[in-house]
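Undergrad: Please read through the structure below; I'll follow up with questions.
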Amino acid sequence: MDGKSKMQAEKHLTGTLVLSVFTAVLGFFQYGYSLGVINAPQKVIEAHYGRMLGAVPMVRHATNTSGDDAAIIVTIPSTEAWGSSQGTLPPSAGFEDPPVSPHILTMYWSLSVSMFAVGGMISSFTVGWIGDRLGRVKAMLVVNVLSIAGNLLMGLAKLGPSHILIIAGRAITGLYCGLSSGLVPMYVSEVSPTALRGALGTLHQLAIVTGILISQVLGLDFLLGNDELWPLLLGLSGVAALLQFFLLLLCPESPRYLYIKLGKVEEAKKSLKRLRGNCDPMKEIAEMEKEKQEAASEKRVSIGQLFSSSKYRQAVIVALMVQISQQFSGINAIFYYSTNIFERAGVGQPVYATIGVGVVNTVFTVISVFLVEKAGRRSLFLAGLMGMLISAVAMTVGLALLSQFAWMSYVSMIAIFLFVIFFEVGPGPIPWFIVAELFSQGPRPAAIAVAGFCNWACNFIVGMCFQYIADLCGPYVFVVFAVLLLVFFLFAYLKVPETKGKSFEEIAAVFRRKKLPAKSMTELEDLRGGEEA
C-alpha cells in the first residue's frame, strides 16, 4: 500500500466502520469457539454420557475376608430399589462400568461433535436468500436467535438428557454458523472501503482462530473443563451472541445492499456518511451504479445450471476439490481430537499442548494474511499440502514407535504443530479466495453456496468418522490423511490455476486450455487493475 492509499485508508477508518466490522466478525468468533470447545472436556462429557446411559450402582458385601479365599459378592438391585436414575447415591455405593456398549458412547460423542457441521450444511444454502430478503444487518440479528437458543440448550444440559440436549444444541448452533459464515463476509466486504477491503476481509479467519484458542483456555479443568462447569463452557458463546445482537442495533445497513438491491439512493448515502465520516459519498455511489448495471447485464446462474453447463464444469470441480482438500486434510481431526492425540503421543499435559496448537494457529493466521498478498494462491496451496503430508507421515512414525522410544512423543507433538502451520499457510484460507476468484458475478452466488455446502458436509464426515477410524487404525490413523493429502497435492498441481491478478476471462481461458490474444490480454489486465484500484 503506497503513501497515498495509506492516507486514504486511515481517513476512511472511522469509529462506525470499526464497530460494524468488529460486531460482524463476532459471528466467526462463535464459529471458532464452537469448533474448539468440544475438544478439551471430551473425557468429562463422555463419562457423564456413560452415567446418563446406564451406569448402575453396586452394593458390595464382603464375605470370607480372611485368607486366600477372600471374595466380594456384588448384588445389583433394581432401579426401584434406589429410585430415579438421576438420584444421588450414598457415598458407600460403588459404580460398575457402564453396561452400555462403548460403541454407543462413541456414536453419541461423534454425533455431539459432528451435528454442528450438519446444522451448517443445512443452512449454508439459504445465506443468499435470507441476506437479500432481510438485509445484511437484520439477517445477522435474526440468526443470532439460533445461536442463543443452541447455547442455552447446551448450558442447561445437566437438567435433562445431556446427550440429546448437547447434540440438539450443537446442531442449532451449527445452523447459526452456517448462515453467519456467509452473511459476515458479505457485510464486511460491502461496508469496507476499497483500500481496506482486503485487510478487513481477513479478520474473519483471525476471529475463528481466536475463538478456538479462547475455548481451549477456558476448557482447562481448573477453569470450566471439569465435571461441574462443562455445561457453562459449552454454552458460553451465547454471551458473544448476545453482545453481537445488541451491537448490531448500532450498525448501519450495507450501503451496497440499499443501493443495488433496494434502489434506496438517499438511505445508501446516509449509510456511507456514517461509515466514511465527512467523505463525499458520490464516488462510491457511482461505483455502485456501475456494479448494479454489470449485475443486471449478467444472467444469474442456478446451482443446476452450474453443474449442467460445460462452461463452468472444470471450475466447479476445482472449487469443490479445494474445499474437500481443506477438510479431508486432517485439520479438523487435530482441532476436534488434539487433546486425545497428544495423550496417545505420551504428552504429560495434553490440554496445554492443545492450547499451544491454538496459539500457533492464531500467530500463523496473522502471518498468512501477508503471505497470501505476497505470493500466488497456487504456490502457497501446494506448499501447504506438501508440508501437511510430511507432517502427517512424521506424526504417524512418532505414534507408531512411541512404545519403543519415549522421545517419539516430541516428534509427534512437533509434527502436530507443523501440520497446523502448513494448514494456515495455504489450505486453510486459500480455498475461499479461489472460489470467489474462479467465478464472475452471474455464477458466483451459486458456486459459493455449493462450495459452502461441500465444506460443511466434509466437516461433518470427518467429525463423525474420525473417532471410529482412530479406534480402528490406532497410531496409523494419519496414514489415511497422508494418502489423501498426496491425492490433493497431485490434483492441485495438475488442475488448480493461479488466480492472483487475473481476470475471470483469463481464468476461463486457462480452463479452456487456450490463450487470449495479446491485445485482449493487455486490455483485460488494464480492466482488472482498474477494478482493484
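By convention in this document, the chains of the C-alpha cells carry letters A, B, ... by their order, each chain's residues are numbered from 1, and ligands are numbered from 1 in the order they are shown.
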Skip Met282 in chain A itself and residues of its chain fewer than 5 positions away, then list as a PyMOL selection string all residues within 12 Å of it, counting only C-alpha atoms.

TA: chain A and resi 265-266+268-270+272-273+276+287-289

Undergrad: Run DSSP on the backbone of this structure and report the residues of range 183-226 of chain A it assigns to alpha helix (DSSP H), as a VMD selection string.

TA: chain A and resid 183 to 191 197 to 201 203 to 218

Undergrad: Restricted to C-alpha atoms, what would the selected residues look like written as a compact mmCIF listing (two decimals), in the first residue's frame?

TA:
# COMPACT_ATOMS: atom_id res chain seq x y z
CA LEU A 183 -23.55 -13.22 5.96
CA VAL A 184 -20.46 -11.89 7.75
CA PRO A 185 -18.06 -11.78 4.74
CA MET A 186 -20.92 -10.38 2.65
CA TYR A 187 -21.50 -7.49 5.07
CA VAL A 188 -17.82 -6.78 5.80
CA SER A 189 -16.89 -6.62 2.10
CA GLU A 190 -19.82 -4.30 1.37
CA VAL A 191 -19.17 -1.78 4.16
CA ARG A 197 -11.33 -4.37 1.84
CA GLY A 198 -8.56 -6.97 1.71
CA ALA A 199 -7.28 -6.31 5.25
CA LEU A 200 -10.73 -6.19 6.84
CA GLY A 201 -11.86 -9.23 4.85
CA LEU A 203 -10.36 -10.62 10.04
CA HIS A 204 -12.97 -13.39 9.98
CA GLN A 205 -10.21 -16.03 9.89
CA LEU A 206 -8.48 -14.32 12.81
CA ALA A 207 -11.79 -14.32 14.70
CA ILE A 208 -12.16 -18.06 14.11
CA VAL A 209 -8.74 -19.00 15.47
CA THR A 210 -9.18 -16.57 18.40
CA GLY A 211 -12.45 -18.32 19.26
CA ILE A 212 -10.70 -21.70 19.09
CA LEU A 213 -7.89 -20.50 21.37
CA ILE A 214 -10.21 -18.98 23.99
CA SER A 215 -12.35 -22.14 24.07
CA GLN A 216 -9.22 -24.22 24.67
CA VAL A 217 -8.02 -21.99 27.52
CA LEU A 218 -11.43 -21.96 29.20

Undergrad: Just checking: using only C-alpha atoms, which residue out of A:Ser181, A:Ser123, A:Ser329, A:Asn361 ends up closest to Ile390 in chain A?

TA: A:Ser329

Undergrad: Name the residues in contact with Phe488 in chain A at a cut-off of 9 Å, using only C-alpha atoms, excluding same-chain residues fewer than 5 positions from it; report them as a list of chain:residue names.

TA: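 With the cut-off at 9 Å, the set is A:Met321, A:Val322, A:Ile324, A:Ser325, A:Ser329, A:Leu382, A:Leu385, A:Val483, A:Tyr493.
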
Undergrad: Write the selection just made, keeping C-alpha atoms, as an mmCIF file, in the first residue's frame?

TA:
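File result-v1.cif, as written:
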data_model
loop_
_atom_site.group_PDB
_atom_site.id
_atom_site.type_symbol
_atom_site.label_atom_id
_atom_site.label_comp_id
_atom_site.auth_asym_id
_atom_site.auth_seq_id
_atom_site.Cartn_x
_atom_site.Cartn_y
_atom_site.Cartn_z
ATOM 1 C CA MET A 321 -11.824 -30.222 -4.636
ATOM 2 C CA VAL A 322 -10.113 -27.361 -2.817
ATOM 3 C CA ILE A 324 -12.623 -31.213 0.116
ATOM 4 C CA SER A 325 -8.851 -30.938 0.451
ATOM 5 C CA SER A 329 -6.541 -32.866 5.039
ATOM 6 C CA LEU A 382 0.816 -26.627 -2.961
ATOM 7 C CA LEU A 385 -0.383 -29.518 1.213
ATOM 8 C CA VAL A 483 -2.685 -40.623 1.325
ATOM 9 C CA TYR A 493 -0.505 -29.425 -9.231
#

Undergrad: Between A:Asn459, A:Thr126, A:Asn226, A:Ser379, which is the closest to Lys43 in chain A once you count only C-alpha atoms?

TA: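 Going through A:Asn459, A:Thr126, A:Asn226, A:Ser379 one by one, the smallest distance to Lys43 in chain A is for A:Asn226.
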
Undergrad: Kindly give the distance, in Å, that separates CA of Ser271 in chain A and CA of Val143 in chain A, rounded to a single decimal.

TA: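 So the answer is 22.4 Å.
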
Undergrad: Tell me which protein, DNA and RNA residues are within 12 Å of range 396-409 of chain A, counting only C-alpha atoms, leaving out same-chain ones fewer than 4 positions away, and put them as an MDAnalysis selection string.

TA: chainID A and resid 341:350 353 389:392 413:416 470 473:482

Undergrad: Can you measure CA of Thr23 in chain A to CA of Leu232 in chain A for me? One decimal in Å is fine.

TA: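 These two atoms are separated by 23.0 Å.
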
Undergrad: Please measure the separation of CA of Tyr49 in chain A and CA of Gly238 in chain A, giving the value in Å to one decimal.

TA: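 Separation between CA of Tyr49 in chain A and CA of Gly238 in chain A: 23.0 Å.
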
Undergrad: For Val351 in chain A, which residue among A:Gly160, A:Gly219, A:Gly387, A:Pro445 is the nearest when counting only C-alpha atoms?

TA: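 Of the candidates, the smallest distance to Val351 in chain A is held by A:Gly219.
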